[in-house]
Amino acid sequence: MRIYWIFITAILVFTGLNTTSSSCQNIYGLSVSELIERLPAENREDQDRIISRLAESGADAIGLIGNNLVAPGSGDDVKFRYALSGIVKHVGQGDDPFLKINVSAALCKALSDASDAEVKDFILQELQYIAGDEAVLHVAPYLSDSRLSDPAARVMVNVGTAHAGGALLHFLTRSEGEARISIIQALGNMRYTSAASRLRPFAHSDNPALKAAAYNALAAMGDTESAAILFEAAKSAGFDYEPTRATASWLLLLENMIANGNKPLADKMTYEALNSGKVPSHTIIALIKL
Amino acid sequence: MDRRKFIKKGVVSAAAFTIVPSFVLGGTKHVAPSDQLTKAIIGVGSMGRGHIEYDNTRVVAICDVDKNHIDMARQRIPNPVKVYHDYREMLLNPDIDIVHVVTPPHWHGVMSIDAAKAGKDVWCEKPMTRTIGEGIRLKDTIARYERIFRLNTWFRFRGNFYGLGTTVEPVKKLVDSGMLGWPLKFTVNAATGFDWKFQWVGRTDLDVQPVPSELDYEMWLGPAPFKPYHPHRVHNTFRGYWDYDGGGLGDMGQHYLDPVQYLLGKDDTSPVRVDVDAPQQHPDAAGKWNRVELTYEDGCKIILDGENRDKDAAYIEGPDGKLFPGFRSDIPDLQKKLAAFPDPEPQVTDFSDAVRKRKTFALNEMNGFRSCTLVNMAIIAIRLGRSLDFDPVKCEFINDHAANLMVNQPMRAPWNV
């Protein structure tokens, strides 16, 4: 009888310990698949521990996740999406540069291995939080892809290096339509001034969206050599709003020219506009405040 | 010569050649002969149609990417209106004084900025912008073009706000009196009268469905990343997706938190830290969260209690007293003591009058940016699953690369701010 109670007590203690640990799981010794099975984490502590382990597994974890991602409506990959996003957000904090590069490289491999465009899109959307120069060569080919140019361009903007700018520039003439517009906008967002001379011709495009992207990018770069182009575009718009946002881009260019020490030319253009007597009041106010 | 003097001189010179309207440099805005201000509404879904009667202004134009919305709005507007599919074309209409932006939040920044650049005044739905970076650009643009901006929430100046059972005015008077002491802790939960509306979470199992013929889905997405169409992504349920909003917190947060910011007198700053307790979040679908704590540099705190953990919480708790819903307090003879203190400063609460007289509205682009930043800080911490330190001057997170990428998110071309 005594042995019986000892046995029962031992079971209860063991069960109790297990119950206690269910909200604070002992994850050591679990495989990558078992870790992923425990997602989404119910609380921050579990998230930290499970995701840290997955991140440390690097290529193994990312490879398994990548293989299990599917297009929307083609199956259940929810846990794998939690896993990938969790790893990226964890590593994206940026306090472990080596781990960040390691995970980024593994994501690039998963990107290459994926066959479905929506899966590639998901990987690119996540990659933007951790990508560095190591990702540029792998992501660049998607810049000319009409479906994936936008997420690929986002990655390049967030990488933000000369290497990324060079890749955007390389694919500028190898792309068309919306892909080209995404590239131009990304070059502007990066303020990649080396691209200015290649962008100026697009400011004369018949495509309003392409023209608008070129105006804004050249203005963001503070490209003084575009001053006449943007002035004429703003003048054609009556120095007011119109869908290509020529006037807003011209004002942005003036602002950047002043910041870059080219105030005399900015003032000359401003005065010329005002002398035309055709500048609407809100634009005059904005000019005064530059 | 100083640039501003130089340009003003240019303006005077220009005036010699042309007629410069009286409102050019800080004067009053032109008022239509009918003396009734005109407005255009972008987004005439259920929320947008509610704007038709706002403020006794006359609707002259409506814009939507869903033909059904247009049809329903036309039935509610007594006078003829111009109908637009693309808001950029609508902004060319010189007959519009005010543009109401009543779209999902991922459009708020782009459209409000374009409207300001077109010389329009702006009435924008909350939350002001989906990212902190867009908010910075919007407030700067409104200031640069000297437009009048209001955000569509009002509890800092009018009405009983939610379950608190009092208007803000006596609460402001109490806080300013110092009777509660300092620093203060605000708790926003069901016990204090606020519902975080977790029914507005996203779904993680969306398949791909055909886009209905009445909807221009490409234009509905606009600056947001492309995702295959599913009806749960759009109209009403869009709130459950990070690309367009931020669940109940994104949608209701500024309603609830803007008055707190006003009460604390923190309209020109932001918290220095956000702590979060939440389950892991899906990359696409907004989920539930448990608790968020926003802490200011002086120790004041705002508690967003999503699971109603603090059932007996005071709305405001200070070292010297507490305030509960219904203006109940543990301070004896509170009303009597409060009578000795001055009323809060009056606010500009008539938007049409603000537009005509070019006065800054009570809830404007500056304080609206700050209260929206409370919401966006919380959303970023929830999405990342970690506490974050924030620099309220630079408006960026400290030592967190991913968090700062969420402050400034690239837009899908050709949209940009």
# chains A, B, ... in the order shown; residues from 1 in each chain; ligands from 1
call {"tool": "interface_residues", "arguments": {"of": "chain A", "to": "chain B", "cutoff": "7 Å", "atoms": "only C-alpha atoms", "output": "PyMOL selection string"}}
result
chain A and resi 40-44+47+72-73+78+82+85+89+92-94+129+150+154+181-182+185+209+213+240-243+271+274-277+281-283+285-286+288-289
call {"tool": "atom_distance", "arguments": {"atom1": "CA of Asn93 (chain B)", "atom2": "CA of Ala61 (chain B)"}}
result
8.8 Å
call {"tool": "select_by_dssp", "arguments": {"residues": "region 185-338 of chain B", "states": "strand (DSSP E)", "output": "ChimeraX atom specification"}}
result
/B:185-188,273-277,291-295,301-305,316-318,321-324,328-329
call {"tool": "closest_residue", "arguments": {"among": "B:Leu338, B:Ala40, B:Leu323, B:Val274", "to": "Ile303 (chain B)", "atoms": "only C-alpha atoms"}}
result
B:Val274
call {"tool": "atom_distance", "arguments": {"atom1": "CA of Met252 (chain B)", "atom2": "CA of Gln125 (chain A)"}}
result
26.9 Å
call {"tool": "atom_distance", "arguments": {"atom1": "CA of Ala217 (chain A)", "atom2": "CA of Asp243 (chain B)"}}
result
24.1 Å
call {"tool": "select_by_dssp", "arguments": {"residues": "region 66-219 of chain B", "states": "alpha helix (DSSP H)", "output": "number ranges by chain"}}
result
B: 67-76, 87-90, 108-117, 132-144, 168-177, 217-219
call {"tool": "residues_around", "arguments": {"residues": "region 202-207 of chain A", "least_positions_apart": "3", "cutoff": "10 Å", "atoms": "only C-alpha atoms", "output": "PyMOL selection string"}}
result
chain A and resi 177+181+184+197-199+210-218+226+229-230+233+244+246
call {"tool": "residues_around", "arguments": {"residues": "Ser329 (chain B)", "least_positions_apart": "4", "cutoff": "10 Å", "atoms": "only C-alpha atoms", "output": "PDB file with N, CA, C and O atoms, in the first residue's frame"}}
result
ATOM      1  N   LEU B 180      -4.320  65.323  -8.115  1.00  0.00           N
ATOM      2  CA  LEU B 180      -3.994  63.898  -8.207  1.00  0.00           C
ATOM      3  C   LEU B 180      -2.506  63.642  -7.997  1.00  0.00           C
ATOM      4  O   LEU B 180      -2.084  62.503  -7.815  1.00  0.00           O
ATOM      5  N   ALA B 314      -8.412  52.508 -11.680  1.00  0.00           N
ATOM      6  CA  ALA B 314      -8.877  53.885 -11.854  1.00  0.00           C
ATOM      7  C   ALA B 314      -8.532  54.304 -13.278  1.00  0.00           C
ATOM      8  O   ALA B 314      -7.563  53.800 -13.856  1.00  0.00           O
ATOM      9  N   TYR B 315      -9.305  55.237 -13.839  1.00  0.00           N
ATOM     10  CA  TYR B 315      -8.932  55.774 -15.151  1.00  0.00           C
ATOM     11  C   TYR B 315      -7.621  56.545 -15.012  1.00  0.00           C
ATOM     12  O   TYR B 315      -6.708  56.379 -15.814  1.00  0.00           O
ATOM     13  N   ILE B 316      -7.562  57.361 -13.963  1.00  0.00           N
ATOM     14  CA  ILE B 316      -6.313  58.082 -13.687  1.00  0.00           C
ATOM     15  C   ILE B 316      -5.906  57.784 -12.247  1.00  0.00           C
ATOM     16  O   ILE B 316      -6.729  57.849 -11.328  1.00  0.00           O
ATOM     17  N   GLU B 317      -4.639  57.465 -12.103  1.00  0.00           N
ATOM     18  CA  GLU B 317      -4.113  57.237 -10.753  1.00  0.00           C
ATOM     19  C   GLU B 317      -2.857  58.073 -10.567  1.00  0.00           C
ATOM     20  O   GLU B 317      -1.912  57.983 -11.349  1.00  0.00           O
ATOM     21  N   GLY B 321      -4.243  60.760  -5.485  1.00  0.00           N
ATOM     22  CA  GLY B 321      -5.666  60.483  -5.687  1.00  0.00           C
ATOM     23  C   GLY B 321      -5.932  59.725  -6.971  1.00  0.00           C
ATOM     24  O   GLY B 321      -5.049  59.555  -7.809  1.00  0.00           O
ATOM     25  N   LYS B 322      -7.179  59.261  -7.072  1.00  0.00           N
ATOM     26  CA  LYS B 322      -7.588  58.476  -8.245  1.00  0.00           C
ATOM     27  C   LYS B 322      -8.890  59.028  -8.801  1.00  0.00           C
ATOM     28  O   LYS B 322      -9.713  59.567  -8.048  1.00  0.00           O
ATOM     29  N   LEU B 323      -9.073  58.811 -10.098  1.00  0.00           N
ATOM     30  CA  LEU B 323     -10.340  59.167 -10.732  1.00  0.00           C
ATOM     31  C   LEU B 323     -10.888  57.939 -11.447  1.00  0.00           C
ATOM     32  O   LEU B 323     -10.194  57.316 -12.250  1.00  0.00           O
ATOM     33  N   PHE B 324     -12.162  57.623 -11.146  1.00  0.00           N
ATOM     34  CA  PHE B 324     -12.833  56.461 -11.736  1.00  0.00           C
ATOM     35  C   PHE B 324     -13.912  56.939 -12.711  1.00  0.00           C
ATOM     36  O   PHE B 324     -14.281  58.121 -12.700  1.00  0.00           O
ATOM     37  N   PRO B 325     -14.443  56.033 -13.532  1.00  0.00           N
ATOM     38  CA  PRO B 325     -15.545  56.419 -14.426  1.00  0.00           C
ATOM     39  C   PRO B 325     -16.690  57.060 -13.638  1.00  0.00           C
ATOM     40  O   PRO B 325     -16.924  56.727 -12.470  1.00  0.00           O
ATOM     41  N   ASP B 333     -14.791  65.448  -1.263  1.00  0.00           N
ATOM     42  CA  ASP B 333     -15.314  66.752  -1.705  1.00  0.00           C
ATOM     43  C   ASP B 333     -14.615  67.258  -2.972  1.00  0.00           C
ATOM     44  O   ASP B 333     -14.269  68.435  -3.080  1.00  0.00           O
ATOM     45  N   LEU B 334     -14.414  66.350  -3.892  1.00  0.00           N
ATOM     46  CA  LEU B 334     -13.647  66.708  -5.092  1.00  0.00           C
ATOM     47  C   LEU B 334     -14.275  67.877  -5.850  1.00  0.00           C
ATOM     48  O   LEU B 334     -13.589  68.839  -6.202  1.00  0.00           O
ATOM     49  N   GLN B 335     -15.579  67.785  -6.116  1.00  0.00           N
ATOM     50  CA  GLN B 335     -16.239  68.830  -6.910  1.00  0.00           C
ATOM     51  C   GLN B 335     -16.084  70.197  -6.243  1.00  0.00           C
ATOM     52  O   GLN B 335     -15.842  71.195  -6.915  1.00  0.00           O
TER      53      GLN B 335
END
call {"tool": "residues_around", "arguments": {"residues": "region 239-241 of chain B", "least_positions_apart": "3", "cutoff": "10 Å", "atoms": "only C-alpha atoms", "output": "ChimeraX atom specification"}}
result
/B:104-105,198-204,232-236,244-251,282-287
call {"tool": "residues_around", "arguments": {"residues": "Ile27 (chain A)", "least_positions_apart": "2", "cutoff": "12 Å", "atoms": "only C-alpha atoms", "output": "count of residues only"}}
result
25
